[in-house]
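Source file upload-v4.txt; content: compact mmCIF, C-alpha atoms.
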# COMPACT_ATOMS: atom_id res chain seq x y z
CA MET A 1 175.17 122.87 164.24
CA SER A 2 172.98 124.81 161.87
CA ASP A 3 175.43 124.19 159.06
CA GLN A 4 175.36 120.40 159.50
CA ARG A 5 171.60 120.02 159.90
CA PRO A 6 170.71 120.35 156.17
CA SER A 7 173.16 117.62 155.11
CA VAL A 8 171.79 115.27 157.76
CA TRP A 9 168.23 115.85 156.63
CA LEU A 10 169.34 115.46 153.01
CA SER A 11 170.80 112.03 153.77
CA LEU A 12 167.63 110.93 155.46
CA GLY A 13 165.66 112.16 152.49
CA GLU A 14 167.81 110.14 150.13
CA ILE A 15 167.27 107.08 152.23
CA ALA A 16 163.53 107.62 152.17
CA ALA A 17 163.62 108.08 148.41
CA GLN A 18 165.56 104.87 147.96
CA ALA A 19 163.11 103.02 150.20
CA ASP A 20 160.26 104.38 148.16
CA GLU A 21 161.99 103.24 144.97
CA VAL A 22 162.38 99.77 146.42
CA ARG A 23 158.68 99.70 147.28
CA ARG A 24 157.83 100.69 143.70
CA THR A 25 160.17 98.18 142.06
CA ARG A 26 159.42 95.26 144.41
CA PRO A 27 156.38 94.09 142.42
CA LYS A 28 158.46 94.13 139.25
CA LEU A 29 161.18 92.07 140.93
CA VAL A 30 158.62 89.60 142.23
CA LEU A 31 157.04 89.31 138.78
CA ALA A 32 160.46 88.83 137.17
CA LEU A 33 161.33 86.13 139.70
CA LEU A 34 157.97 84.43 139.18
CA ALA A 35 158.45 84.52 135.40
CA ALA A 36 161.91 82.97 135.76
CA VAL A 37 160.51 80.20 137.97
CA ILE A 38 157.76 79.48 135.43
CA LEU A 39 160.12 79.55 132.43
CA LEU A 40 162.55 77.23 134.17
CA SER A 41 159.84 74.95 135.56
CA PRO A 42 160.32 72.25 132.87
CA VAL A 43 163.95 71.95 133.99
CA TRP A 44 163.47 71.95 137.76
CA MET A 45 160.44 69.66 137.43
CA TRP A 46 162.68 67.21 135.55
CA TRP A 47 165.35 67.41 138.26
CA LEU A 48 162.77 66.88 141.00
CA ARG A 49 161.59 63.67 139.34
CA PRO A 50 163.43 60.68 140.85
CA PRO A 51 165.37 58.75 138.19
CA THR A 52 164.32 55.23 137.28
CA ARG A 53 167.19 52.76 137.17
CA ALA A 54 166.77 49.90 134.71
CA ARG A 55 168.81 47.83 132.31
CA VAL A 56 167.87 48.92 128.80
CA VAL A 57 169.74 47.09 126.03
CA ILE A 58 170.13 48.73 122.61
CA LEU A 59 171.23 46.63 119.63
CA ASP A 60 172.41 48.65 116.63
CA LYS A 61 174.66 47.09 114.01
CA THR A 62 174.14 49.87 111.44
CA VAL A 63 176.63 52.46 112.68
CA PRO A 64 179.17 52.95 109.87
CA HIS A 65 179.92 56.54 110.94
CA GLU A 66 180.06 58.48 114.17
CA ASP A 67 176.50 59.79 114.12
CA TRP A 68 174.65 56.92 115.89
CA ARG A 69 171.54 58.03 114.01
CA GLU A 70 169.72 54.69 114.23
CA HIS A 71 169.43 54.86 118.01
CA GLU A 72 170.47 58.34 119.19
CA ALA A 73 166.90 59.64 119.46
CA PHE A 74 165.92 56.62 121.55
CA ALA A 75 168.82 57.29 123.94
CA TRP A 76 167.66 60.92 124.07
CA TRP A 77 164.20 59.73 125.10
CA LEU A 78 165.70 57.63 127.90
CA GLU A 79 167.29 60.76 129.34
CA HIS A 80 164.13 62.78 128.68
CA ARG A 81 162.17 60.31 130.83
CA ARG A 82 165.08 60.13 133.30
CA ILE A 83 165.60 56.41 132.78
CA ARG A 84 169.14 55.69 133.91
CA ARG A 85 171.52 52.78 133.93
CA LEU A 86 171.61 50.57 137.01
CA ASP A 87 174.58 52.60 138.30
CA GLY A 88 172.58 55.82 137.97
CA VAL A 89 174.53 57.15 134.98
CA ALA A 90 172.67 58.47 131.92
CA TYR A 91 172.64 56.24 128.84
CA ASP A 92 175.26 57.42 126.36
CA PRO A 93 174.33 56.79 122.69
CA THR A 94 178.02 56.66 121.74
CA ARG A 95 178.80 53.92 124.22
CA ASP A 96 175.77 52.18 125.72
CA TYR A 97 174.75 49.90 122.89
CA VAL A 98 175.73 46.57 121.36
CA GLY A 99 176.79 46.57 117.72
CA TYR A 100 179.34 48.36 115.56
CA HIS A 101 181.46 51.10 117.15
CA PRO A 102 183.05 53.21 114.40
CA ASP A 103 185.08 55.38 116.76
CA ARG A 104 187.03 52.27 117.80
CA SER A 105 186.52 50.08 114.70
CA PHE A 106 185.10 47.60 117.17
CA ARG A 107 182.15 45.25 116.82
CA ASP A 108 180.38 43.19 119.46
CA SER A 109 177.44 40.81 119.59
CA LEU A 110 174.66 40.42 122.12
CA THR A 111 175.60 38.10 124.98
CA ALA A 112 173.69 36.51 127.85
CA ALA A 113 175.43 38.95 130.21
CA ASP A 114 174.18 41.93 128.16
CA VAL A 115 170.54 41.00 128.63
CA ALA A 116 170.73 39.64 132.17
CA ASP A 117 167.95 41.34 134.20
CA ALA A 118 167.06 43.49 131.17
CA ALA A 119 163.84 45.46 131.49
CA LEU A 120 163.73 46.48 127.82
CA ILE A 121 165.61 45.29 124.73
CA TYR A 122 165.46 47.66 121.76
CA LEU A 123 166.58 46.38 118.35
CA ALA A 124 167.25 49.62 116.49
CA ASP A 125 168.74 48.10 113.32
CA THR A 126 170.77 45.04 112.34
CA TYR A 127 171.16 45.78 108.61
CA GLY A 128 174.86 46.20 109.19
CA VAL A 129 177.95 47.95 107.88
CA TYR A 130 179.07 47.50 104.26
CA THR A 131 182.18 48.26 102.26
CA GLY A 132 180.25 50.83 100.27
CA ASP A 133 179.73 52.85 103.44
CA TYR A 134 183.38 53.86 103.17
CA ARG A 135 183.59 54.19 99.39
CA ASN A 136 183.87 57.97 99.57
CA ALA A 137 186.38 58.05 102.42
CA SER A 138 189.33 58.50 100.04
CA ALA A 139 187.71 61.69 98.81
CA GLY A 140 187.52 63.03 102.34
CA ASP A 141 183.80 62.37 102.66
CA SER A 142 183.86 59.70 105.35
CA ALA A 143 180.34 60.48 106.55
CA THR A 144 178.68 59.65 103.23
CA THR A 145 177.14 56.21 102.91
CA SER A 146 177.07 54.51 99.54
CA LEU A 147 173.63 53.94 98.04
CA ASP A 148 174.69 50.94 95.99
CA ARG A 149 174.87 47.37 97.21
CA SER A 150 178.24 46.16 98.44
CA ARG A 151 179.90 43.48 100.57
CA LEU A 152 178.73 43.06 104.16
CA ILE A 153 181.38 43.80 106.77
CA TYR A 154 179.28 43.16 109.85
CA GLY A 155 175.57 42.79 110.45
CA GLY A 156 172.54 40.57 110.64
CA LEU A 157 170.93 38.99 113.67
CA LEU A 158 172.92 35.98 114.91
CA PRO A 159 171.37 32.70 116.13
CA GLN A 160 172.84 33.06 119.63
CA GLU A 161 171.62 36.67 119.83
CA MET A 162 168.06 35.60 119.05
CA ALA A 163 168.37 32.87 121.69
CA HIS A 164 169.54 35.39 124.30
CA ILE A 165 166.68 37.75 123.40
CA ALA A 166 164.11 34.95 123.76
CA ALA A 167 165.59 33.91 127.11
CA ALA A 168 165.52 37.49 128.42
CA HIS A 169 161.91 37.83 127.27
CA ALA A 170 160.98 34.65 129.12
CA ASN A 171 162.51 36.34 132.17
CA GLY A 172 160.20 39.36 131.75
CA ALA A 173 162.02 41.67 129.34
CA VAL A 174 159.95 43.72 126.88
CA VAL A 175 161.41 43.48 123.36
CA VAL A 176 160.96 46.00 120.53
CA ALA A 177 162.31 45.61 116.97
CA GLU A 178 162.38 48.46 114.45
CA PHE A 179 162.56 48.31 110.65
CA ASN A 180 165.22 45.94 109.33
CA SER A 181 165.92 44.24 112.64
CA TYR A 182 165.15 40.86 111.12
CA ALA A 183 164.82 41.73 107.43
CA SER A 184 167.92 41.89 105.19
CA PRO A 185 170.42 40.27 105.69
CA THR A 186 168.70 38.08 108.33
CA TRP A 187 165.54 37.41 106.34
CA GLY A 188 165.42 33.94 104.77
CA THR A 189 167.79 32.42 107.33
CA PRO A 190 166.85 30.12 110.24
CA THR A 191 167.49 33.06 112.57
CA GLY A 192 165.11 35.18 110.54
CA ALA A 193 162.43 32.51 110.79
CA ALA A 194 162.96 32.30 114.56
CA ALA A 195 162.65 36.08 114.87
CA GLU A 196 159.44 36.12 112.82
CA ALA A 197 157.92 33.43 115.03
CA PHE A 198 159.06 35.27 118.17
CA PHE A 199 157.65 38.66 117.15
CA GLY A 200 154.55 37.31 115.44
CA ALA A 201 155.15 39.06 112.11
CA ARG A 202 156.86 37.98 108.90
CA HIS A 203 158.87 40.25 106.64
CA ALA A 204 156.75 40.53 103.48
CA GLY A 205 159.72 40.78 101.13
CA TRP A 206 159.34 44.41 100.06
CA VAL A 207 160.40 47.84 101.27
CA GLY A 208 159.51 51.41 100.44
CA ARG A 209 160.56 54.98 101.02
CA TRP A 210 159.63 58.60 100.36
CA TYR A 211 162.21 60.61 98.39
CA SER A 212 162.42 64.37 98.22
CA ASN A 213 164.00 64.22 94.75
CA LEU A 214 163.73 61.08 92.66
CA GLY A 215 166.04 62.58 90.06
CA SER A 216 168.95 62.90 92.48
CA ASN A 217 171.72 60.34 92.08
CA GLU A 218 172.76 61.18 95.64
CA GLU A 219 169.36 60.17 97.03
CA THR A 220 167.99 57.28 94.97
CA PRO A 221 170.16 54.14 94.89
CA PRO A 222 171.45 52.74 91.57
CA TRP A 223 170.04 49.28 92.30
CA MET A 224 166.55 50.78 92.59
CA ARG A 225 166.83 52.59 89.27
CA ASP A 226 168.18 49.44 87.62
CA GLN A 227 165.30 47.37 88.98
CA TYR A 228 162.76 49.85 87.65
CA GLU A 229 164.32 49.82 84.18
CA ARG A 230 164.23 46.01 84.10
CA PHE A 231 160.62 45.91 85.23
CA ALA A 232 159.21 48.83 83.23
CA HIS A 233 161.48 48.50 80.17
CA ALA A 234 161.87 52.27 80.31
CA PRO A 235 164.55 54.63 81.59
CA TRP A 236 164.37 56.12 85.08
CA SER A 237 163.33 59.68 84.23
CA PHE A 238 161.62 60.76 87.43
CA SER A 239 162.21 64.02 89.23
CA GLY A 240 160.73 65.74 92.25
CA GLU A 241 159.36 63.99 95.30
CA GLY A 242 157.72 60.59 95.29
CA VAL A 243 157.30 57.22 96.96
CA VAL A 244 158.96 54.02 95.77
CA LEU A 245 157.90 50.49 96.74
CA VAL A 246 160.22 47.71 95.64
CA SER A 247 160.16 43.94 95.99
CA GLU A 248 163.22 42.10 97.28
CA THR A 249 162.22 38.82 95.64
CA ASP A 250 161.45 39.84 92.06
CA ASP A 251 161.45 42.89 89.78
CA ARG A 252 158.20 44.42 91.06
CA ILE A 253 158.53 48.12 91.68
CA VAL A 254 156.14 51.09 91.81
CA VAL A 255 157.11 54.75 91.64
CA LEU A 256 154.36 57.09 92.82
CA THR A 257 154.70 60.72 91.78
CA GLY A 258 152.61 63.73 90.88
CA ASP A 259 149.07 62.63 89.98
CA ASP A 260 149.58 59.31 91.80
CA LEU A 261 149.65 61.06 95.18
CA ALA A 262 146.84 62.97 96.85
CA GLU A 263 147.33 66.33 98.49
CA GLY A 264 149.13 66.21 101.83
CA PRO A 265 151.84 63.90 103.18
CA PRO A 266 152.32 60.81 100.98
CA VAL A 267 152.71 58.29 103.83
CA LEU A 268 150.58 58.51 106.98
CA LEU A 269 150.67 56.63 110.28
CA GLU A 270 147.20 55.76 111.61
CA ARG A 271 146.05 53.75 114.61
CA ASP A 272 144.02 50.57 114.25
CA VAL A 273 143.46 50.09 118.00
CA VAL A 274 143.07 53.53 119.55
CA ASP A 275 142.91 52.38 123.18
CA ASP A 276 145.99 50.16 123.21
CA PRO A 277 148.63 51.58 125.60
CA VAL A 278 151.42 51.29 123.03
CA VAL A 279 149.74 53.60 120.50
CA ARG A 280 147.26 55.49 122.68
CA GLY A 281 149.29 58.71 122.46
CA VAL A 282 150.02 58.47 118.72
CA HIS A 283 148.52 61.25 116.63
CA ASP A 284 146.50 59.78 113.74
CA GLY A 285 147.70 61.05 110.39
CA THR A 286 151.31 61.59 111.48
CA PRO A 287 153.45 62.02 108.33
CA TYR A 288 156.21 59.47 107.79
CA TRP A 289 159.19 60.37 105.59
CA TYR A 290 161.67 57.48 105.59
CA TRP A 291 162.13 53.75 105.00
CA PHE A 292 159.31 51.30 105.76
CA GLY A 293 158.85 47.61 105.14
CA GLY A 294 156.01 45.19 104.52
CA LEU A 295 154.92 43.06 107.47
CA ASP A 296 152.58 40.05 107.45
CA PRO A 297 151.19 39.67 110.99
CA LEU A 298 150.75 36.14 112.31
CA PRO A 299 147.56 35.05 114.15
CA SER A 300 149.43 35.34 117.47
CA SER A 301 149.86 39.10 117.08
CA ARG A 302 147.72 42.21 116.65
CA VAL A 303 148.14 45.21 114.36
CA LEU A 304 148.02 48.36 116.50
CA ALA A 305 148.78 50.92 113.79
CA SER A 306 149.22 50.99 110.02
CA PHE A 307 150.89 53.01 107.32
CA ARG A 308 148.57 54.35 104.63
CA LEU A 309 149.75 55.56 101.26
CA ASN A 310 147.93 58.80 100.45
CA VAL A 311 147.21 57.97 96.82
CA THR A 312 144.75 58.99 94.13
CA ALA A 313 142.73 56.55 92.03
CA ARG A 314 145.61 56.43 89.57
CA GLY A 315 148.12 55.63 92.31
CA ARG A 316 145.79 52.99 93.75
CA ALA A 317 145.59 51.29 90.35
CA GLN A 318 149.37 51.22 90.05
CA LEU A 319 149.71 49.62 93.48
CA ALA A 320 147.13 46.98 92.65
CA ALA A 321 148.75 46.17 89.31
CA ALA A 322 152.10 45.53 91.03
CA ARG A 323 150.46 43.71 93.99
CA PHE A 324 151.46 46.23 96.65
CA PRO A 325 149.03 47.23 99.43
CA GLU A 326 147.71 50.72 99.98
CA ARG A 327 147.54 50.15 103.75
CA PHE A 328 149.88 47.87 105.68
CA ALA A 329 150.95 47.09 109.25
CA ALA A 330 153.21 49.62 110.98
CA VAL A 331 153.10 48.55 114.65
CA VAL A 332 152.49 44.89 115.49
CA ALA A 333 152.28 43.63 119.09
CA ARG A 334 152.32 40.21 120.65
CA ARG A 335 151.33 39.89 124.29
CA GLU A 336 151.86 36.29 125.40
CA GLY A 337 154.12 36.92 128.38
CA ALA A 338 156.00 40.20 128.27
CA LEU A 339 155.22 42.59 125.42
CA ARG A 340 156.83 42.10 122.00
CA VAL A 341 156.55 44.86 119.38
CA THR A 342 157.62 45.08 115.76
CA ILE A 343 157.73 48.49 114.07
CA ALA A 344 157.71 48.48 110.25
CA GLY A 345 159.38 51.90 110.12
CA GLU A 346 162.17 53.78 111.82
CA LEU A 347 161.07 55.69 114.89
CA ALA A 348 164.54 56.15 116.38
CA ASP A 349 166.22 57.32 113.17
CA ILE A 350 165.05 60.92 112.79
CA GLY A 351 167.67 61.86 110.21
CA GLY A 352 169.47 64.35 112.43
CA ARG A 353 170.30 65.33 115.96
CA PRO A 354 167.60 64.99 118.65
CA PRO A 355 166.13 68.13 120.21
CA MET A 356 168.12 70.16 122.69
CA LEU A 357 167.55 69.90 126.43
CA PRO A 358 166.28 66.39 127.11
CA GLN A 359 166.24 67.46 130.77
CA SER A 360 162.74 68.92 130.62
CA ARG A 361 159.32 67.87 131.75
CA GLY A 362 155.72 68.94 131.31
CA ILE A 363 155.90 70.61 127.89
CA ASP A 364 155.69 67.63 125.54
CA GLY A 365 152.10 68.53 124.68
CA LEU A 366 153.17 72.01 123.63
CA ARG A 367 155.95 70.60 121.47
CA ARG A 368 153.56 68.15 119.82
CA TRP A 369 151.12 70.94 119.02
CA TRP A 370 153.87 73.23 117.73
CA VAL A 371 155.34 70.76 115.22
CA ARG A 372 151.86 69.97 113.91
CA ARG A 373 151.31 73.60 112.97
CA ASP A 374 154.86 74.26 111.74
CA SER A 375 156.37 71.17 110.14
CA PRO A 376 157.61 71.35 106.52
CA ARG A 377 157.61 68.34 104.22
CA GLY A 378 160.30 65.87 105.15
CA ASP A 379 160.63 67.20 108.70
CA THR A 380 160.82 64.28 111.14
CA ARG A 381 160.11 66.37 114.26
CA TYR A 382 156.41 65.67 113.72
CA LEU A 383 157.09 61.93 113.83
CA LEU A 384 159.32 62.20 116.92
CA TRP A 385 156.83 64.08 119.08
CA ASN A 386 153.60 62.55 117.75
CA ALA A 387 154.58 58.92 117.20
CA SER A 388 158.06 57.91 118.39
CA ILE A 389 157.86 59.34 121.91
CA PRO A 390 154.24 58.23 122.47
CA VAL A 391 155.10 54.67 121.37
CA TRP A 392 158.17 54.56 123.61
CA ASP A 393 156.13 55.91 126.51
CA GLY A 394 153.48 53.28 125.88
CA VAL A 395 156.04 50.49 125.72
CA TRP A 396 157.73 51.70 128.90
CA GLY A 397 154.38 51.67 130.66
CA GLU A 398 154.31 47.90 130.16
CA VAL A 399 157.85 47.26 131.36
CA ARG A 400 157.88 45.25 134.57
CA ARG A 401 160.12 47.12 136.96
Give the structure from this file in structure tokens form.
Amino acid sequence: MSDQRPSVWLSLGEIAAQADEVRRTRPKLVLALLAAVILLSPVWMWWLRPPTRARVVILDKTVPHEDWREHEAFAWWLEHRRIRRLDGVAYDPTRDYVGYHPDRSFRDSLTAADVADAALIYLADTYGVYTGDYRNASAGDSATTSLDRSRLIYGGLLPQEMAHIAAAHANGAVVVAEFNSYASPTWGTPTGAAAEAFFGARHAGWVGRWYSNLGSNEETPPWMRDQYERFAHAPWSFSGEGVVLVSETDDRIVVLTGDDLAEGPPVLLERDVVDDPVVRGVHDGTPYWYWFGGLDPLPSSRVLASFRLNVTARGRAQLAAARFPERFAAVVARREGALRVTIAGELADIGGRPPMLPQSRGIDGLRRWWVRRDSPRGDTRYLLWNASIPVWDGVWGEVRR
């Protein structure tokens, strides 16, 4: 008995020591569990939010390659806000749109069935697909789009499509059109005129864009350089970043570089009506780094936000000499009946893949703040979080569900 007693007491002592260790580590385990719950809260908060089922129709005819860049970010936003198809399935940017489908070499047009009971119709782009988009395919570079003008394969807004959109709007659908939805090749046609009357804004006949390197033949299109040389009677000898505005009706063209541009981003998005729901969440002074077009609002519509060229006195003089504005409409709304919005830029084309993890909630403000403090020139994340998503949220707030 005496020989066994020490081992028994030793076992009890070990048990007591282990219990004491548990008591000491329990707060750490609780803190670790609490930290995990907090870190994962954006995900579980998203899953706890009931999905909204609605018919959202995306029209995108500018999909020459399998990147879906003209509408992928918008489809990402639908999932981010947990807006689902009527059958409860998430919207798939590779499948759930009307337009050109490069993975199947298939093209379709908007039908009455597509927009039946639509809550929102989003015209991402109707510029189309051109033969030049595949000019480099023989060299194994099928994802490179030609910068020169070429023959249209498929594109433009069709008369029956505009009729279906108008009918769906009369039935309560909100309609949004981004840059080039009714510009080239639709502009100047009866369908283009119908679209301008419907949206309350006319295409002004000119476009512009920021370029990171004007001297790059891979970035600036040959037709733009040719137009400058005809207008200026001088060779295109620019290099470095700059902004180009070019008329589609004559040879007018302005190239803003160096001393023409003030310090900071060259193109800024600013609100004209700060309390309108569509632009209420937009951050004034958001940099814009891609294509934009001139819009002439009609009396039936209202300019909610504008683009402003951040120019010096020298740049302002150049714009005036070529009859281009320094400030021009970016977001135009018409509110007779359901909301109609025209965007003179590209909010859904962010030039790359959307952010990871759309299944998150409650941290958009943090993301907006972060990209404002850490966003290099040409980075479209600033635009996505501070303009695109706020505009889409504002539009969705006016959808009749």
Residue contacts of Gly337 (chain A) (8 Å, all atoms listed in the file) excluding same-chain residues fewer than 4 positions away, as a list in words =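 The residues that qualify are His169, Ala170 and Gly172 of chain A.
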Given the selection you just returned, output its residues as a file containing C-alpha atoms, formatted as a compact mmCIF listing (two decimals), in the coordinates of the input.
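And here's out.txt as it stands now:
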# COMPACT_ATOMS: atom_id res chain seq x y z
CA HIS A 169 161.91 37.83 127.27
CA ALA A 170 160.98 34.65 129.12
CA GLY A 172 160.20 39.36 131.75
CA of His71 (chain A) and CA of Tyr91 (chain A), how far apart in Å?
->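 Between CA of Tyr91 (chain A) and CA of His71 (chain A) the gap works out to 11.4 Å.
Rounded to one decimal, CA of Val174 (chain A) and CA of Phe328 (chain A) lie 23.8 Å from each other.
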Do you know which residues are at most 8 Å from Gly242 (chain A) counting only C-alpha atoms, after dropping those on the same chain fewer than 4 positions away, and could you put them as a list in words?
->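 Once the adjacent positions are removed, what remains is Trp210, Tyr211, Ser212, Asn213, Leu214, Val255, Leu256, Thr257, Gly258 and Pro266 of chain A.
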State, in Å with one decimal place, the distance from CA of Ala320 (chain A) to CA of Glu229 (chain A).
->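 Here the two named atoms are 19.4 Å from each other.
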Write out as a list in words the residues lying within 6 Å of Asp260 (chain A), counting all atoms listed in the file and excluding same-chain residues fewer than 4 positions away.
->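 In the requested format, the answer is Leu256, Val311, Thr312, Arg314 and Gly315 of chain A.
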Give the answer as one residue: which of A:Leu110, A:Val115, A:Leu48, A:Ala201 has the shortest atom-to-atom distance to Leu158 (chain A), using all atoms listed in the file?
->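 Nearest candidate to Leu158 (chain A) out of A:Leu110, A:Val115, A:Leu48, A:Ala201: A:Leu110.
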What are the centre and edge lengths in Å, to one decimal, of the axis-aligned box around all listed atoms of region 175-189 of chain A with 4 Å added on each side, as AutoDock Vina command-line options?
--center_x 165.7 --center_y 40.4 --center_z 114.1 --size_x 17.5 --size_y 24.0 --size_z 26.6
For region 248-310 of chain A versus region 380-398 of chain A, which residues have an atom no more than 6 Å away, and what is each residue's nearest atom pair and distance in Å rounded to one decimal, using only C-alpha atoms, chain-then-number order, as JSON lines?
{"residue": "A:Pro277", "atom": "CA", "partner": "A:Gly394", "partner_atom": "CA", "distance": 5.1}
{"residue": "A:Val278", "atom": "CA", "partner": "A:Gly394", "partner_atom": "CA", "distance": 4.0}
{"residue": "A:Val279", "atom": "CA", "partner": "A:Val391", "partner_atom": "CA", "distance": 5.5}
{"residue": "A:Gly281", "atom": "CA", "partner": "A:Pro390", "partner_atom": "CA", "distance": 5.0}
{"residue": "A:Val282", "atom": "CA", "partner": "A:Ala387", "partner_atom": "CA", "distance": 4.8}
{"residue": "A:His283", "atom": "CA", "partner": "A:Asn386", "partner_atom": "CA", "distance": 5.4}
Could you add the missing atoms to region 61-78 of chain A, up to N, CA and C atoms, and return them as a PDB file, in the frame of the given file?
ATOM      1  N   LYS A  61     173.512  47.518 114.803  1.00  0.00           N
ATOM      2  CA  LYS A  61     174.660  47.090 114.010  1.00  0.00           C
ATOM      3  C   LYS A  61     174.874  47.972 112.785  1.00  0.00           C
ATOM      4  N   THR A  62     174.045  48.995 112.616  1.00  0.00           N
ATOM      5  CA  THR A  62     174.140  49.870 111.440  1.00  0.00           C
ATOM      6  C   THR A  62     174.692  51.223 111.863  1.00  0.00           C
ATOM      7  N   VAL A  63     175.966  51.229 112.218  1.00  0.00           N
ATOM      8  CA  VAL A  63     176.630  52.460 112.680  1.00  0.00           C
ATOM      9  C   VAL A  63     177.957  52.603 111.923  1.00  0.00           C
ATOM     10  N   PRO A  64     177.907  52.841 110.614  1.00  0.00           N
ATOM     11  CA  PRO A  64     179.170  52.950 109.870  1.00  0.00           C
ATOM     12  C   PRO A  64     179.959  54.215 110.220  1.00  0.00           C
ATOM     13  N   HIS A  65     179.273  55.267 110.658  1.00  0.00           N
ATOM     14  CA  HIS A  65     179.920  56.540 110.940  1.00  0.00           C
ATOM     15  C   HIS A  65     179.540  57.024 112.339  1.00  0.00           C
ATOM     16  N   GLU A  66     180.233  58.010 112.803  1.00  0.00           N
ATOM     17  CA  GLU A  66     180.060  58.480 114.170  1.00  0.00           C
ATOM     18  C   GLU A  66     178.885  59.450 114.274  1.00  0.00           C
ATOM     19  N   ASP A  67     177.693  58.967 113.924  1.00  0.00           N
ATOM     20  CA  ASP A  67     176.500  59.790 114.120  1.00  0.00           C
ATOM     21  C   ASP A  67     175.439  59.059 114.953  1.00  0.00           C
ATOM     22  N   TRP A  68     175.540  57.716 115.044  1.00  0.00           N
ATOM     23  CA  TRP A  68     174.650  56.920 115.890  1.00  0.00           C
ATOM     24  C   TRP A  68     173.182  57.230 115.614  1.00  0.00           C
ATOM     25  N   ARG A  69     172.865  57.531 114.359  1.00  0.00           N
ATOM     26  CA  ARG A  69     171.540  58.030 114.010  1.00  0.00           C
ATOM     27  C   ARG A  69     170.437  56.999 114.191  1.00  0.00           C
ATOM     28  N   GLU A  70     170.764  55.712 114.114  1.00  0.00           N
ATOM     29  CA  GLU A  70     169.720  54.690 114.230  1.00  0.00           C
ATOM     30  C   GLU A  70     169.178  54.544 115.646  1.00  0.00           C
ATOM     31  N   HIS A  71     169.927  55.032 116.646  1.00  0.00           N
ATOM     32  CA  HIS A  71     169.430  54.860 118.010  1.00  0.00           C
ATOM     33  C   HIS A  71     169.612  56.106 118.889  1.00  0.00           C
ATOM     34  N   GLU A  72     170.184  57.172 118.361  1.00  0.00           N
ATOM     35  CA  GLU A  72     170.470  58.340 119.190  1.00  0.00           C
ATOM     36  C   GLU A  72     169.197  58.959 119.774  1.00  0.00           C
ATOM     37  N   ALA A  73     168.132  59.047 118.970  1.00  0.00           N
ATOM     38  CA  ALA A  73     166.900  59.640 119.460  1.00  0.00           C
ATOM     39  C   ALA A  73     166.276  58.798 120.574  1.00  0.00           C
ATOM     40  N   PHE A  74     166.434  57.483 120.488  1.00  0.00           N
ATOM     41  CA  PHE A  74     165.920  56.620 121.550  1.00  0.00           C
ATOM     42  C   PHE A  74     166.687  56.845 122.843  1.00  0.00           C
ATOM     43  N   ALA A  75     168.020  56.983 122.753  1.00  0.00           N
ATOM     44  CA  ALA A  75     168.820  57.290 123.940  1.00  0.00           C
ATOM     45  C   ALA A  75     168.441  58.655 124.506  1.00  0.00           C
ATOM     46  N   TRP A  76     168.113  59.604 123.623  1.00  0.00           N
ATOM     47  CA  TRP A  76     167.660  60.920 124.070  1.00  0.00           C
ATOM     48  C   TRP A  76     166.369  60.780 124.874  1.00  0.00           C
ATOM     49  N   TRP A  77     165.463  59.940 124.387  1.00  0.00           N
ATOM     50  CA  TRP A  77     164.200  59.730 125.100  1.00  0.00           C
ATOM     51  C   TRP A  77     164.440  59.133 126.477  1.00  0.00           C
ATOM     52  N   LEU A  78     165.383  58.207 126.597  1.00  0.00           N
ATOM     53  CA  LEU A  78     165.700  57.630 127.900  1.00  0.00           C
ATOM     54  C   LEU A  78     166.081  58.722 128.899  1.00  0.00           C
TER      55      LEU A  78
END
